[in-house]
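Everything on this sheet refers to the single structure shown next.
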Amino acid sequence: MFSGKKVSAPKEIASLIGAGSTVIGDVTYSGGLRIDGTVRGAVRCTDGESAGMLVISEAGIVQGEVRAAHLVVAGRIEGPVHATELVELQPRARISGDVHYRALEMHNGAVVDGMLVHVSAEPAVARPGLKLAPPTVRLEPNVEPKVSSVG
């Protein structure tokens with residue numbers, strides 16, 4: 001279940017969208033970002049989904065898709081959320097959209113209006129017991145071969 005590898009998000013928040021600020025358009029960041037204002041667009045880490053920390057404060061609002069490794073929400077998100085490591089939902093967090101996560105911490109009072117979708121760290125494998133039989137060929141005299149699947 002645990003691979004022993006721990007991917008840690010950076011502890012330093014180097015970028016800030018301040019209270020009272022509104023950004024219209026997609027935001028990409030590197031390392032860590034804190035949003036105290038409003039973003040009307042997608043918010044994504046430039047390092048991909050394998051890195052990056054995003055903090056949305058109680059006053060913060062994101063109206064668009066959010067992608068990060070580690071996400072802490074105390075404010076509001078209106079759109080889908082994809083976190084490859086951890087989603088922390090503080091008591092006043094409000095999310096309108098599906099949340100895709102590997103690990104989830106949800107405090108009493110947080111609200112998600114959407115589906116919670118667990119994403120496994122392990123690659124998908126075929127379900128045990130589900131086997132397809134190889135096709136069989138039946139030959140009849142003076143008739144073209146017919147291929148059928150048995151199973």
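Ordered as shown in the structure tokens, chains take letters A, B, and onward, while each chain numbers its residues from 1 and ligands are numbered from 1 in the order shown.
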
Give me, as JSON lines, each residue of stretch 13-59 of chain A that comes within 10 Å of stretch 77-90 of chain A, together with its shortest interatomic pair and the distance in Å at one decimal, counting only C-alpha atoms, with rows ordered by chain and rising residue number.
```
{"residue": "A:Thr38", "atom": "CA", "partner": "A:Ile77", "partner_atom": "CA", "distance": 9.9}
{"residue": "A:Val39", "atom": "CA", "partner": "A:Ile77", "partner_atom": "CA", "distance": 9.6}
{"residue": "A:Arg40", "atom": "CA", "partner": "A:Glu78", "partner_atom": "CA", "distance": 9.4}
{"residue": "A:Gly41", "atom": "CA", "partner": "A:Gly79", "partner_atom": "CA", "distance": 9.4}
{"residue": "A:Ala42", "atom": "CA", "partner": "A:Gly79", "partner_atom": "CA", "distance": 8.6}
{"residue": "A:Val43", "atom": "CA", "partner": "A:Val81", "partner_atom": "CA", "distance": 9.7}
{"residue": "A:Arg44", "atom": "CA", "partner": "A:His82", "partner_atom": "CA", "distance": 9.6}
{"residue": "A:Gly48", "atom": "CA", "partner": "A:Thr84", "partner_atom": "CA", "distance": 9.8}
{"residue": "A:Glu49", "atom": "CA", "partner": "A:Thr84", "partner_atom": "CA", "distance": 6.1}
{"residue": "A:Ser50", "atom": "CA", "partner": "A:Thr84", "partner_atom": "CA", "distance": 6.4}
{"residue": "A:Ala51", "atom": "CA", "partner": "A:Thr84", "partner_atom": "CA", "distance": 8.4}
{"residue": "A:Gly52", "atom": "CA", "partner": "A:Ala83", "partner_atom": "CA", "distance": 9.7}
{"residue": "A:Met53", "atom": "CA", "partner": "A:Leu86", "partner_atom": "CA", "distance": 9.5}
{"residue": "A:Leu54", "atom": "CA", "partner": "A:Val87", "partner_atom": "CA", "distance": 9.7}
{"residue": "A:Val55", "atom": "CA", "partner": "A:Glu88", "partner_atom": "CA", "distance": 9.4}
{"residue": "A:Ile56", "atom": "CA", "partner": "A:Ile77", "partner_atom": "CA", "distance": 8.6}
{"residue": "A:Ser57", "atom": "CA", "partner": "A:Gln90", "partner_atom": "CA", "distance": 9.3}
{"residue": "A:Glu58", "atom": "CA", "partner": "A:Gln90", "partner_atom": "CA", "distance": 8.9}
```

Export of prior selection with C-alpha atoms as a PDB file, in the first residue's frame:
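Okay, out.pdb is ready:
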```pdb
ATOM      1  CA  THR A  38      -9.833  35.951  -6.618  1.00  0.00           C
ATOM      2  CA  VAL A  39      -8.689  33.999  -9.668  1.00  0.00           C
ATOM      3  CA  ARG A  40     -11.096  33.598 -12.600  1.00  0.00           C
ATOM      4  CA  GLY A  41      -9.295  30.872 -14.506  1.00  0.00           C
ATOM      5  CA  ALA A  42      -7.363  27.663 -14.000  1.00  0.00           C
ATOM      6  CA  VAL A  43      -4.586  27.445 -11.390  1.00  0.00           C
ATOM      7  CA  ARG A  44      -1.797  24.949 -12.189  1.00  0.00           C
ATOM      8  CA  GLY A  48       3.158  19.422 -13.231  1.00  0.00           C
ATOM      9  CA  GLU A  49       0.953  17.578 -10.821  1.00  0.00           C
ATOM     10  CA  SER A  50       3.890  15.867  -9.141  1.00  0.00           C
ATOM     11  CA  ALA A  51       4.968  18.999  -7.264  1.00  0.00           C
ATOM     12  CA  GLY A  52       3.684  22.270  -5.960  1.00  0.00           C
ATOM     13  CA  MET A  53       1.698  23.491  -3.005  1.00  0.00           C
ATOM     14  CA  LEU A  54      -1.361  25.696  -3.277  1.00  0.00           C
ATOM     15  CA  VAL A  55      -3.039  27.433  -0.329  1.00  0.00           C
ATOM     16  CA  ILE A  56      -6.407  29.122  -0.756  1.00  0.00           C
ATOM     17  CA  SER A  57      -7.134  31.241   2.317  1.00  0.00           C
ATOM     18  CA  GLU A  58     -10.602  31.940   3.767  1.00  0.00           C
TER      19      GLU A  58
END
```

Could you pull out the residues in stretch 35-116 of chain A that DSSP calls strand (DSSP E or B) from the backbone, as number ranges by chain?
A: 35, 38-40, 43-45, 53-56, 61-62, 66-73, 76-78, 81-89, 94-96, 99-101, 103-106, 111-113, 116

For A:Val119, please output as a VMD selection string all residues within 10 Å (counting only C-alpha atoms; exclusion window: fewer than 2 positions along the same chain).
chain A and resid 82 to 85 99 to 103 116 to 117 121 to 123

Written file, previous selection with C-alpha atoms, as a compact mmCIF listing (two decimals), in the first residue's frame:
```
# COMPACT_ATOMS: atom_id res chain seq x y z
CA HIS A 82 -6.90 17.43 -9.07
CA ALA A 83 -4.34 16.78 -6.32
CA THR A 84 -1.74 14.05 -6.70
CA GLU A 85 -0.75 14.01 -3.04
CA VAL A 99 -12.28 16.46 -6.20
CA HIS A 100 -9.67 13.96 -7.44
CA TYR A 101 -7.22 13.12 -4.65
CA ARG A 102 -4.74 10.56 -3.34
CA ALA A 103 -5.15 11.51 0.34
CA LEU A 116 -14.87 12.69 -4.26
CA VAL A 117 -12.72 10.51 -6.53
CA ALA A 121 -0.81 5.82 -6.63
CA GLU A 122 -0.42 2.40 -8.21
CA PRO A 123 -0.93 1.85 -11.94
```

Atom CA of A:Val111 to atom CA of A:Glu12: how many Å, to one decimal?
27.1 Å

Select, from A:Leu104, A:Ile95, A:Ile35, A:Ala19, the residue with the minimum atom-to-atom distance to A:Glu65, counting only C-alpha atoms.
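Of all the options, A:Ile95 lies closest to A:Glu65.
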
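For the set A:Asp36, A:Gly109, A:Val27, A:Thr46, the residue with the smallest atom-to-atom gap to A:Ile61 is A:Asp36, counting only C-alpha atoms.
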
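Distances here use only C-alpha atoms; by that measure, the residue among A:Ala68, A:Arg76, A:Ser120, A:Asp47 closest to A:Ser96 is A:Arg76.
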
Measure the distance from atom CA of A:Ile13 to atom CA of A:Asp98 in Å and round it to one decimal.
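If I compute the distance from atom CA of A:Ile13 to atom CA of A:Asp98, I get 25.4 Å.
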